[in-house]
Amino acid sequence: MIWRPLDNEDPDRLYTVTGGRSSTDEESLDLVTLIVSECDPAPGMQSEHIRILQLCRQPMAVVEISSHLGMPVGVVKILLCDLLDTNRITARHPTSAPASKKAQLPDPDILKQVLVGLHNL
């Protein structure tokens with residue numbers, strides 16, 4: 001594969017890769033959503049889909065996939081939605097700490113006192 005600067009990307013190629021689509025209905029995909037392959041590539045699949053399935057054997061963020069493919073994030077999201085619709089990948093958003101861990105967070109007043117103390121140094 002020959003890597004070219006993104007500015008030189010042929011718009012016709014991107015149009016072809018996405019089948020003419022310019023947006024997705026999937027709102028849950030953002031830059032940090034983790035993508036994981038659920039199967040191996042099948043014969044006859046689009047080359048970009050194959051590459052995504054190979055890249056995502058381990059969880060990988062949407063922005064990382066975009067970087068590896070050398071394609072705009074919007075185009076990658078369209079490709080990911082194709083794979084989501086066929087259950088070839090799963091998408092999960094990194095979650096914050098569970099409720100039980102939130103109870104262990106320090107008191108905001110103590111954090112303010114620490115910040116004031118640091119400013120006084």
# chains A, B, ... in the order shown; residues from 1 in each chain; ligands from 1
>>> select_by_dssp(residues="range 40-76 of chain A", states="alpha helix (DSSP H)", output="PyMOL selection string")
chain A and resi 47-55+62-69+73-76
>>> residues_around(residues="range 26-39 of chain A", least_positions_apart="3", cutoff="6 Å", atoms="only C-alpha atoms", output="ChimeraX atom specification")
/A:53,56-57,59-63,88-93
>>> atom_distance(atom1="CA of Leu83 in chain A", atom2="CA of Ile52 in chain A")
9.1 Å
>>> residues_around(residues="Gln46 in chain A", least_positions_apart="2", cutoff="12 Å", atoms="only C-alpha atoms", output="JSON, numbers by chain")
{"A": [16, 17, 18, 19, 41, 42, 43, 44, 48, 49, 50, 51, 52, 53, 79, 82, 83]}
>>> write_last_selection(atoms="C-alpha atoms", output="short mmCIF file (atom, residue, chain, number, x, y, z; two decimals), in the first residue's frame")
data_model
loop_
_atom_site.label_atom_id
_atom_site.label_comp_id
_atom_site.auth_asym_id
_atom_site.auth_seq_id
_atom_site.Cartn_x
_atom_site.Cartn_y
_atom_site.Cartn_z
CA THR A 16 -16.52 4.98 -4.10
CA VAL A 17 -15.32 3.52 -0.79
CA THR A 18 -18.42 4.77 1.02
CA GLY A 19 -20.84 3.90 -1.77
CA PRO A 41 -12.54 -11.28 6.94
CA ALA A 42 -14.64 -13.15 4.39
CA PRO A 43 -13.83 -13.59 0.70
CA GLY A 44 -15.22 -10.80 -1.45
CA GLU A 48 -11.03 -1.37 3.72
CA HIS A 49 -13.42 -3.61 5.67
CA ILE A 50 -10.82 -6.38 5.65
CA ARG A 51 -8.16 -4.00 6.94
CA ILE A 52 -10.46 -2.80 9.74
CA LEU A 53 -11.18 -6.37 10.83
CA LEU A 79 -17.21 1.83 7.00
CA ASP A 82 -21.32 -1.20 7.57
CA LEU A 83 -19.48 -3.69 9.77
#
>>> atom_distance(atom1="CA of His68 in chain A", atom2="CA of Pro94 in chain A")
20.4 Å
>>> atom_distance(atom1="CA of Ser47 in chain A", atom2="CA of Val73 in chain A")
17.0 Å
